>>> print(open('data01.cif').read())   # mmCIF, C-alpha atoms
data_upload
#
loop_
_atom_site.label_atom_id
_atom_site.label_comp_id
_atom_site.auth_asym_id
_atom_site.auth_seq_id
_atom_site.Cartn_x
_atom_site.Cartn_y
_atom_site.Cartn_z
CA MET A 962 87.69 75.96 78.77
CA THR A 963 85.18 77.62 81.16
CA TYR A 964 85.67 79.34 84.49
CA LYS A 965 84.00 76.32 86.10
CA THR A 966 87.26 74.41 85.64
CA PHE A 967 89.13 76.84 87.90
CA ARG A 968 86.39 77.17 90.52
CA LEU A 969 87.72 74.75 93.14
CA PRO A 970 91.45 75.45 92.60
CA LEU A 971 90.76 79.17 92.88
CA ALA A 972 88.77 78.68 96.09
CA ALA A 973 91.57 76.58 97.57
CA LEU A 974 94.19 79.17 96.57
CA ILE A 975 92.20 82.04 98.09
CA GLY A 976 91.63 80.02 101.27
CA ALA A 977 95.30 79.13 101.61
CA LEU A 978 96.55 82.67 101.08
CA TRP A 979 93.89 84.21 103.32
CA SER A 980 94.64 81.71 106.08
CA ALA A 981 98.35 82.53 105.88
CA THR A 982 97.61 86.27 105.96
CA LEU A 983 95.34 86.07 109.01
CA GLY A 984 97.65 83.56 110.68
CA PHE A 985 100.57 85.93 110.41
CA GLY A 986 98.49 88.76 111.85
CA PHE A 987 97.27 86.73 114.82
CA SER A 988 100.74 85.32 115.53
CA VAL A 989 102.27 88.80 115.61
CA SER A 990 99.41 90.10 117.77
CA LEU A 991 99.81 87.28 120.28
CA ALA A 992 103.58 87.70 120.39
CA PHE A 993 103.29 91.44 121.00
CA SER A 994 100.55 91.18 123.63
CA THR A 995 102.04 88.32 125.66
CA GLY A 996 105.78 88.51 125.05
CA GLU A 997 105.85 84.83 124.10
CA GLY A 998 107.50 83.50 120.94
CA PHE A 999 104.38 82.85 118.86
CA TYR A 1000 104.94 82.35 115.16
CA PRO A 1001 102.87 81.10 112.19
CA ILE A 1002 103.29 77.54 110.91
CA TRP A 1003 102.99 78.33 107.24
CA TRP A 1004 102.50 74.90 105.72
CA ALA A 1005 99.72 74.04 108.16
CA LEU A 1006 97.98 77.37 107.55
CA LEU A 1007 98.12 76.91 103.78
CA ILE A 1008 96.74 73.37 103.87
CA THR A 1009 94.05 74.15 106.44
CA GLY A 1010 92.95 77.33 104.69
CA GLY A 1011 92.66 75.60 101.33
CA LEU A 1012 90.68 72.71 102.82
CA THR A 1013 88.35 75.09 104.67
CA ALA A 1014 87.69 77.03 101.46
CA LEU A 1015 86.72 73.80 99.68
CA VAL A 1016 84.37 72.88 102.54
CA LEU A 1017 82.78 76.33 102.42
CA THR A 1018 82.43 76.13 98.65
CA ARG A 1019 80.62 72.81 98.93
CA ARG A 1020 78.48 73.96 101.84
CA ASN A 1021 77.44 77.15 100.04
CA GLN A 1022 76.53 75.11 96.99
CA LEU A 1023 74.20 72.92 99.06
CA GLY A 1024 72.43 75.85 100.68
CA GLY A 1025 74.96 77.57 102.89
CA GLY A 1026 73.23 77.08 106.24
CA TYR A 1027 75.67 77.71 109.08
CA ALA A 1028 78.49 77.66 106.51
CA SER A 1029 80.66 80.07 108.49
CA LEU A 1030 80.29 78.05 111.70
CA ILE A 1031 81.11 74.81 109.92
CA GLY A 1032 84.11 76.40 108.22
CA SER A 1033 85.39 77.76 111.54
CA LEU A 1034 85.08 74.39 113.25
CA VAL A 1035 86.77 72.56 110.38
CA PHE A 1036 89.60 75.07 110.32
CA ALA A 1037 90.24 74.94 114.08
CA PHE A 1038 90.11 71.14 114.22
CA VAL A 1039 92.37 70.52 111.21
CA LEU A 1040 94.88 73.18 112.29
CA LEU A 1041 95.15 71.67 115.76
CA ILE A 1042 95.71 68.19 114.32
CA LEU A 1043 98.29 69.28 111.74
CA THR A 1044 100.30 71.38 114.20
CA GLY A 1045 100.19 68.90 117.07
CA PHE A 1046 98.07 71.28 119.18
CA MET A 1047 100.54 74.10 118.56
CA PRO A 1048 98.46 76.42 116.33
CA PHE A 1049 100.80 79.38 116.80
CA GLY A 1050 104.08 77.58 117.40
CA ILE A 1051 103.63 77.18 121.18
CA SER A 1052 101.79 74.23 122.71
CA LEU A 1053 98.46 74.59 124.48
CA ALA A 1054 100.08 73.42 127.72
CA GLU A 1055 102.60 76.29 127.72
CA ALA A 1056 100.14 79.09 126.87
CA PRO A 1057 96.59 77.74 127.12
CA LEU A 1058 94.67 81.03 127.40
CA ALA A 1059 96.49 82.81 124.57
CA ASN A 1060 96.23 79.78 122.27
CA ILE A 1061 92.53 79.19 122.94
CA LEU A 1062 91.50 82.83 122.59
CA GLY A 1063 93.72 83.39 119.57
CA LEU A 1064 92.58 80.26 117.76
CA SER A 1065 88.90 80.93 118.54
CA LEU A 1066 89.01 84.47 117.18
CA PHE A 1067 91.15 83.34 114.25
CA ALA A 1068 88.76 80.54 113.28
CA VAL A 1069 85.61 82.66 113.60
CA LEU A 1070 87.06 85.55 111.61
CA LEU A 1071 88.41 83.25 108.92
CA GLY A 1072 85.12 81.35 108.62
CA ILE A 1073 83.08 84.53 108.18
CA SER A 1074 85.47 86.30 105.82
CA LEU A 1075 86.35 83.25 103.74
CA LYS A 1076 82.68 82.48 103.18
CA ILE A 1077 82.26 85.95 101.67
CA MET A 1078 85.28 85.44 99.43
CA VAL A 1079 84.33 82.04 98.01
CA LEU A 1080 80.55 82.52 97.90
CA PRO A 1081 80.51 83.92 94.32
CA ILE A 1082 82.39 80.86 92.99
CA SER A 1083 80.41 78.28 94.98
CA HIS A 1084 77.81 77.58 92.27
CA GLU A 1085 78.22 75.67 89.02
CA ARG A 1086 77.59 78.62 86.68
CA VAL A 1087 80.73 80.57 87.41
CA ASP A 1088 81.54 83.44 85.07
CA ARG A 1089 84.24 86.06 84.86
CA HIS A 1090 82.42 88.47 87.15
CA ASP A 1091 82.17 85.86 89.92
CA VAL A 1092 85.89 85.14 89.70
CA GLU A 1093 86.72 88.84 89.73
CA TYR A 1094 84.44 89.43 92.73
CA SER A 1095 86.18 86.69 94.74
CA LEU A 1096 89.64 87.95 93.83
CA ILE A 1097 88.71 91.55 94.65
CA ALA A 1098 87.25 90.47 98.00
CA PHE A 1099 90.51 88.68 98.85
CA LEU A 1100 92.71 91.58 97.73
CA LYS A 1101 90.56 94.03 99.67
CA GLY A 1102 90.90 91.99 102.84
CA PHE A 1103 94.64 91.57 102.32
CA GLY A 1104 95.00 95.31 101.76
CA TYR A 1105 93.10 96.15 104.93
CA ILE A 1106 95.32 93.89 107.02
CA PHE A 1107 98.55 94.98 105.33
CA PHE A 1108 98.00 98.72 105.67
CA THR A 1109 96.51 98.41 109.15
CA ALA A 1110 99.63 96.53 110.24
CA ILE A 1111 101.90 99.18 108.70
CA VAL A 1112 100.10 101.93 110.61
CA LEU A 1113 99.31 100.25 113.93
CA ILE A 1114 102.36 98.08 114.64
CA PRO A 1115 104.88 100.96 114.91
CA PHE A 1116 102.46 102.99 117.04
CA PHE A 1117 101.69 99.96 119.23
CA VAL A 1118 105.40 99.26 119.77
CA MET A 1119 105.99 102.93 120.56
CA VAL A 1120 103.20 103.11 123.15
CA MET A 1121 103.99 99.78 124.81
CA THR A 1122 107.70 100.55 125.04
CA SER A 1123 106.95 103.91 126.66
CA LEU A 1124 105.02 102.09 129.43
CA LYS A 1125 107.81 99.64 130.27
CA SER A 1126 110.28 99.91 133.11
CA GLN A 1127 114.01 99.98 132.46
CA GLN A 1128 114.41 96.54 134.05
CA SER A 1129 111.75 94.83 131.94
CA LEU A 1130 113.02 96.56 128.82
CA MET A 1131 116.52 95.23 129.44
CA MET A 1132 115.26 91.71 130.19
CA ASN A 1133 113.10 91.34 127.07
CA PRO A 1134 112.85 94.27 124.64
CA LEU A 1135 110.30 92.36 122.52
CA ASP A 1136 107.86 91.81 125.38
CA PHE A 1137 105.12 94.38 124.81
CA SER A 1138 102.72 93.15 127.47
CA ILE A 1139 101.51 95.64 130.09
CA GLU A 1140 102.55 95.22 133.72
CA LEU A 1141 99.27 96.29 135.34
CA SER A 1142 100.70 95.59 138.79
CA ARG A 1143 102.80 98.77 138.46
CA GLY A 1144 99.68 100.95 138.60
CA TRP A 1145 100.28 104.62 137.89
CA ASP A 1146 104.00 103.90 137.73
CA LEU A 1147 103.33 102.80 134.14
CA PHE A 1148 103.31 106.48 133.19
CA ARG A 1149 106.57 107.37 134.94
CA SER A 1150 108.32 108.07 131.63
CA TYR A 1151 105.69 110.65 130.71
CA GLU A 1152 105.86 112.26 134.15
CA GLU A 1153 109.64 112.55 133.95
CA LEU A 1154 109.48 114.10 130.49
CA PHE A 1155 107.30 116.93 131.77
CA SER A 1156 109.11 117.35 135.09
CA ASN A 1157 112.75 116.82 134.08
CA PHE A 1158 112.89 117.51 130.33
CA ASN A 1159 110.53 120.52 130.02
CA PHE A 1160 108.23 118.81 127.53
CA GLY A 1161 105.43 121.13 128.62
CA GLU A 1162 107.39 124.06 127.19
CA TYR A 1163 108.18 122.11 124.02
CA LEU A 1164 104.48 121.35 123.59
CA LEU A 1165 103.61 125.02 123.98
CA ASN A 1166 106.38 126.10 121.59
CA SER A 1167 105.19 123.69 118.91
CA ALA A 1168 101.60 124.86 119.33
CA LEU A 1169 102.57 128.54 119.08
CA VAL A 1170 104.81 128.03 116.05
CA SER A 1171 102.24 125.85 114.26
CA VAL A 1172 99.31 128.21 114.86
CA ALA A 1173 101.38 131.25 113.86
CA THR A 1174 102.54 129.44 110.71
CA VAL A 1175 98.92 128.71 109.80
CA LEU A 1176 97.90 132.36 110.25
CA ILE A 1177 100.85 133.72 108.25
CA THR A 1178 100.34 131.14 105.51
CA LEU A 1179 96.63 131.92 105.10
CA LEU A 1180 97.30 135.66 105.26
CA PHE A 1181 99.53 135.46 102.17
CA SER A 1182 98.21 132.41 100.31
CA ALA A 1183 94.51 133.31 100.28
CA PRO A 1184 94.95 136.68 98.49
CA GLY A 1185 97.61 135.17 96.23
CA ALA A 1186 95.41 132.23 95.28
CA TYR A 1187 92.48 134.56 94.59
CA ALA A 1188 94.64 136.74 92.36
CA VAL A 1189 95.88 133.77 90.36
CA ALA A 1190 92.38 132.32 90.05
CA ARG A 1191 90.38 135.47 89.30
CA LEU A 1192 92.50 138.42 88.19
CA LYS A 1193 94.04 138.81 84.76
CA PHE A 1194 97.64 139.99 84.72
CA SER A 1195 100.80 139.35 82.75
CA GLY A 1196 102.51 136.08 83.67
CA ARG A 1197 99.51 134.65 85.51
CA ASP A 1198 99.68 131.26 83.79
CA ALA A 1199 103.43 130.97 84.35
CA MET A 1200 102.98 131.83 88.01
CA SER A 1201 100.15 129.32 88.35
CA ARG A 1202 102.28 126.55 86.88
CA GLY A 1203 105.44 127.54 88.76
CA ILE A 1204 103.97 127.75 92.26
CA LEU A 1205 105.28 124.36 93.30
CA LEU A 1206 108.74 124.69 91.73
CA ILE A 1207 110.23 125.23 95.18
CA TYR A 1208 109.42 121.61 96.00
CA MET A 1209 111.65 120.42 93.16
CA VAL A 1210 114.64 121.38 95.33
CA PRO A 1211 115.09 119.07 98.35
CA MET A 1212 115.12 120.92 101.66
CA ILE A 1213 118.43 119.29 102.60
CA VAL A 1214 120.02 121.16 99.66
CA LEU A 1215 118.77 124.47 101.06
CA ALA A 1216 119.76 123.64 104.63
CA LEU A 1217 123.31 125.02 104.48
CA PRO A 1218 122.40 128.36 102.82
CA ILE A 1219 119.54 128.82 105.29
CA TYR A 1220 121.85 128.05 108.20
CA ILE A 1221 124.48 130.53 107.01
CA ALA A 1222 121.93 133.27 106.31
CA PHE A 1223 120.17 132.86 109.65
CA SER A 1224 123.50 132.84 111.49
CA MET A 1225 124.52 136.11 109.83
CA LEU A 1226 121.14 137.67 110.66
CA GLU A 1227 121.29 136.32 114.24
CA LEU A 1228 118.02 134.46 113.78
CA ARG A 1229 119.31 131.12 115.01
CA ASN A 1230 118.11 129.93 118.42
CA SER A 1231 114.94 131.93 117.96
CA LEU A 1232 111.33 130.93 117.34
CA VAL A 1233 111.08 134.04 115.19
CA GLY A 1234 113.51 132.40 112.78
CA LEU A 1235 111.23 129.38 112.48
CA LEU A 1236 108.25 131.67 111.89
CA LEU A 1237 110.13 133.27 109.02
CA ILE A 1238 111.16 130.05 107.29
CA TYR A 1239 108.16 127.77 107.93
CA PRO A 1240 105.70 129.87 105.88
CA VAL A 1241 108.18 129.84 103.00
CA THR A 1242 107.71 126.07 102.81
CA THR A 1243 103.92 126.09 103.31
CA ILE A 1244 102.68 129.11 101.33
CA PRO A 1245 103.30 127.55 97.86
CA VAL A 1246 101.31 124.39 98.57
CA ALA A 1247 98.55 126.37 100.30
CA LEU A 1248 98.37 128.77 97.36
CA TYR A 1249 98.21 125.87 94.92
CA MET A 1250 95.39 124.17 96.85
CA LEU A 1251 93.34 127.35 97.30
CA GLN A 1252 93.55 128.53 93.70
CA GLY A 1253 91.79 125.38 92.54
CA TYR A 1254 88.99 126.00 95.01
CA PHE A 1255 88.60 129.67 94.07
CA ARG A 1256 88.35 128.71 90.40
CA GLY A 1257 85.51 126.36 91.28
CA LEU A 1258 83.43 129.12 92.90
CA PRO A 1259 80.72 130.67 90.67
CA VAL A 1260 81.93 133.91 89.11
CA GLU A 1261 78.32 135.12 88.92
CA VAL A 1262 78.13 135.47 92.71
CA GLU A 1263 81.08 137.86 92.76
CA GLU A 1264 79.78 139.78 89.76
CA ALA A 1265 76.47 140.26 91.54
CA GLY A 1266 78.31 141.71 94.52
CA LEU A 1267 80.20 144.13 92.26
CA MET A 1268 76.95 145.21 90.63
CA ASP A 1269 75.50 145.90 94.10
CA GLY A 1270 78.25 148.43 94.70
CA LEU A 1271 80.79 146.36 96.59
CA SER A 1272 84.47 146.88 95.92
CA ARG A 1273 86.72 143.98 94.97
CA ILE A 1274 88.10 143.83 98.53
CA GLN A 1275 84.57 143.79 99.97
CA VAL A 1276 83.57 141.01 97.58
CA ILE A 1277 86.53 138.93 98.73
CA ILE A 1278 85.84 139.52 102.43
CA LYS A 1279 82.04 139.27 102.41
CA ILE A 1280 81.40 136.71 99.65
CA THR A 1281 84.43 134.73 98.49
CA LEU A 1282 86.12 133.94 101.81
CA PRO A 1283 82.89 132.78 103.54
CA LEU A 1284 82.22 130.46 100.60
CA ALA A 1285 85.81 129.19 100.80
CA LEU A 1286 85.72 128.34 104.51
CA PRO A 1287 85.83 124.53 103.91
CA ALA A 1288 88.95 124.92 101.77
CA LEU A 1289 90.54 127.37 104.20
CA ALA A 1290 89.90 124.98 107.09
CA SER A 1291 91.40 122.01 105.25
CA VAL A 1292 94.46 124.02 104.19
CA ALA A 1293 94.88 125.30 107.75
CA LEU A 1294 94.83 121.73 109.09
CA TYR A 1295 97.31 120.57 106.45
CA VAL A 1296 99.70 123.47 107.17
CA PHE A 1297 99.36 122.89 110.91
CA MET A 1298 100.42 119.26 110.49
CA ILE A 1299 103.41 120.28 108.36
CA ALA A 1300 104.59 122.83 110.92
CA TRP A 1301 103.97 120.50 113.87
CA ASN A 1302 105.93 117.61 112.37
CA GLU A 1303 108.78 119.62 110.83
CA PHE A 1304 112.15 118.43 112.10
CA LEU A 1305 115.05 119.36 109.82
CA LEU A 1306 114.88 123.14 110.18
CA ALA A 1307 114.12 122.96 113.91
CA PHE A 1308 117.07 120.61 114.43
CA MET A 1309 119.36 122.86 112.42
CA LEU A 1310 118.34 126.24 113.85
CA LEU A 1311 117.55 125.53 117.51
CA ASP A 1312 120.28 124.76 120.07
CA ASP A 1313 118.77 126.32 123.20
CA PRO A 1314 116.69 123.67 125.06
CA SER A 1315 114.38 126.36 126.45
CA ILE A 1316 112.91 127.05 122.99
CA PHE A 1317 112.89 123.55 121.52
CA THR A 1318 109.84 122.40 119.61
CA LEU A 1319 108.51 118.90 120.22
CA THR A 1320 110.31 117.31 117.29
CA ARG A 1321 113.59 118.90 118.41
CA GLY A 1322 112.97 117.77 121.98
CA VAL A 1323 112.30 114.19 120.90
CA ALA A 1324 115.57 114.19 118.93
CA MET A 1325 117.36 115.27 122.11
CA LEU A 1326 116.10 112.08 123.80
CA ASN A 1327 117.85 109.89 121.24
CA SER A 1328 120.91 109.40 123.42
CA SER A 1329 122.58 106.42 125.04
CA GLU A 1330 122.34 108.21 128.39
CA ILE A 1331 118.54 108.50 128.25
CA PRO A 1332 116.37 105.36 128.68
CA ARG A 1333 114.72 104.14 125.51
CA GLN A 1334 111.23 104.31 127.03
CA HIS A 1335 111.65 108.08 127.44
CA LEU A 1336 112.30 108.41 123.71
CA MET A 1337 109.18 106.39 122.94
CA ALA A 1338 107.13 108.45 125.40
CA GLY A 1339 108.34 111.62 123.71
CA ALA A 1340 107.35 110.24 120.32
CA VAL A 1341 103.86 109.44 121.67
CA ILE A 1342 103.49 112.97 123.08
CA SER A 1343 104.54 114.40 119.72
CA THR A 1344 102.28 112.12 117.68
CA LEU A 1345 99.10 111.93 119.74
CA PRO A 1346 97.87 115.56 119.50
CA ILE A 1347 98.20 115.81 115.74
CA MET A 1348 96.68 112.34 115.31
CA MET A 1349 93.65 113.29 117.40
CA ILE A 1350 93.20 116.56 115.50
CA PHE A 1351 93.41 114.73 112.19
CA LEU A 1352 90.94 112.01 113.19
CA VAL A 1353 88.41 114.58 114.41
CA LEU A 1354 88.72 116.95 111.44
CA GLU A 1355 89.64 114.50 108.66
CA ARG A 1356 86.21 114.55 107.01
CA TYR A 1357 86.27 118.35 106.84
CA MET A 1358 89.76 118.24 105.40
CA THR A 1359 88.70 115.76 102.71
CA LYS A 1360 85.60 117.81 101.91
CA GLY A 1361 87.61 120.99 101.57
CA LEU A 1362 90.30 119.42 99.40
CA THR A 1363 87.84 117.80 96.97
CA ALA A 1364 85.30 120.62 96.79
CA GLY A 1365 87.45 122.66 94.42
CA SER A 1366 88.20 119.79 92.06
CA VAL A 1367 85.00 120.36 90.04
CA LYS A 1368 84.07 123.75 88.74
CA GLY A 1369 80.66 125.06 89.78
#
>>> encode(input="data01.cif", output="structure tokens")
Amino acid sequence: MTYKTFRLPLAALIGALWSATLGFGFSVSLAFSTGEGFYPIWWALLITGGLTALVLTRRNQLGGGYASLIGSLVFAFVLLILTGFMPFGISLAEAPLANILGLSLFAVLLGISLKIMVLPISHERVDRHDVEYSLIAFLKGFGYIFFTAIVLIPFFVMVMTSLKSQQSLMMNPLDFSIELSRGWDLFRSYEELFSNFNFGEYLLNSALVSVATVLITLLFSAPGAYAVARLKFSGRDAMSRGILLIYMVPMIVLALPIYIAFSMLELRNSLVGLLLIYPVTTIPVALYMLQGYFRGLPVEVEEAGLMDGLSRIQVIIKITLPLALPALASVALYVFMIAWNEFLLAFMLLDDPSIFTLTRGVAMLNSSEIPRQHLMAGAVISTLPIMMIFLVLERYMTKGLTAGSVKG
């Protein structure tokens, strides 16, 4: 039995599953953006997607001219007929603009993407590689949509809820459309957080604690990582392997001893207390990451510096650290994100609202007496800075983390 036997059934299966995947995504998007009860009609999506895939397979086999356009038109027409002109569960008469725009984008995107997926199995001489290519193309598209939805939907709900008024939130909590008629009043929740809840101070406290944690971590982890990577001393291998042992113990197990110790030392309700405990949680991982990078640096460069009369300290400062700047930058960004997002220790050690960090301040908003949109606005304020920093510096972080994986 050849792969040719499975060519058309496989195309129909890919088309049906891809249609259902995109249909779910568009239905959720329309429901979130309009507040209407859009939902996917699964059986119609499966049938229409399978039929469209067969049409595209045949069209590609005959030459493929305008195959995507034909597939889009076939899909839109058949879906409208099967659903009784309710492609997303609501009739065209009730929501004409949303239905027309949604179906148009849906059909065009499905026609283009489905053509790419079924093109390898459109000819008669189908082999294993063609089948694998089509399956991989489908799985790749499904993965993109799945993980994009996981990341964007919570953030979208968070942002849209923060822009709602208390009245609209009470009337329909699932309506995430924007009331543009409110103008600048859309941002009232954010204004009240800074004016009534001191979120400006929380933002500054988080920035100070995070930056200080980065500096302290690098101050101790860089020399430690260099020593483990370059110097020979008794127990070096055991230390190298045991660096991350602290992470075998969950932080919640250490919470009570830390609380008792800090209470006895009068370090609770103090940012100094956080600056003492945060580096304890970040230095091991920073040391582990940096030692791999230092081991990848050419030893000959340091030996040349020693032969030129430099001391070991001078070699580290003038040669090793400049070469390790990409790794230091990536570790600094990683540590900054850990310190910025840390919640458990801040929640446990800080009770004075004047020194709250952002995560502690957001937790304070989780109360029945505070409107839900204020909590969402606080979450946006806490998330947005670190997200922007990560998006801007992500390529440098990736470069720094991978540069030490191969020895030079």
>>> atom_distance(input="data01.cif", atom1="CA of Thr1018 (chain A)", atom2="CA of Leu969 (chain A)")
7.8 Å
>>> resolve_selection(input="data01.cif", expression="the PyMOL selection byres ((chain A and resi 1247-1258) around 10)", output="VMD selection string")
chain A and resid 1175 1178 to 1179 1181 to 1191 1201 to 1205 1240 1242 to 1246 1259 to 1263 1281 to 1282 1284 to 1285 1287 to 1289 1291 to 1293 1295 to 1296 1361 to 1369
>>> atom_distance(input="data01.cif", atom1="CA of Leu1040 (chain A)", atom2="CA of Gly1010 (chain A)")
8.9 Å
>>> resolve_selection(input="data01.cif", expression="the PyMOL selection byres ((chain A and resi 1231-1238) around 8)", output="number ranges by chain")
A: 1170, 1173-1174, 1223, 1228-1230, 1239-1242, 1306-1307, 1310-1311, 1316
>>> closest_residue(input="data01.cif", among="A:Phe987, A:His1335, A:Ala1324, A:Ala1168", to="Leu1071 (chain A)", atoms="all atoms listed in the file")
A:Phe987
>>> closest_residue(input="data01.cif", among="A:Pro1314, A:Gly1072, A:Gly996, A:Pro1001", to="Tyr1163 (chain A)", atoms="all atoms listed in the file")
A:Pro1314
>>> resolve_selection(input="data01.cif", expression="the PyMOL selection byres ((chain A and resi 1013) around 8)", output="list in words")
Ala973, Gly976, Thr1009, Gly1010, Gly1011, Leu1012, Ala1014, Leu1015, Val1016, Leu1017, Gly1032, Ser1033, Val1035 and Phe1036 of chain A
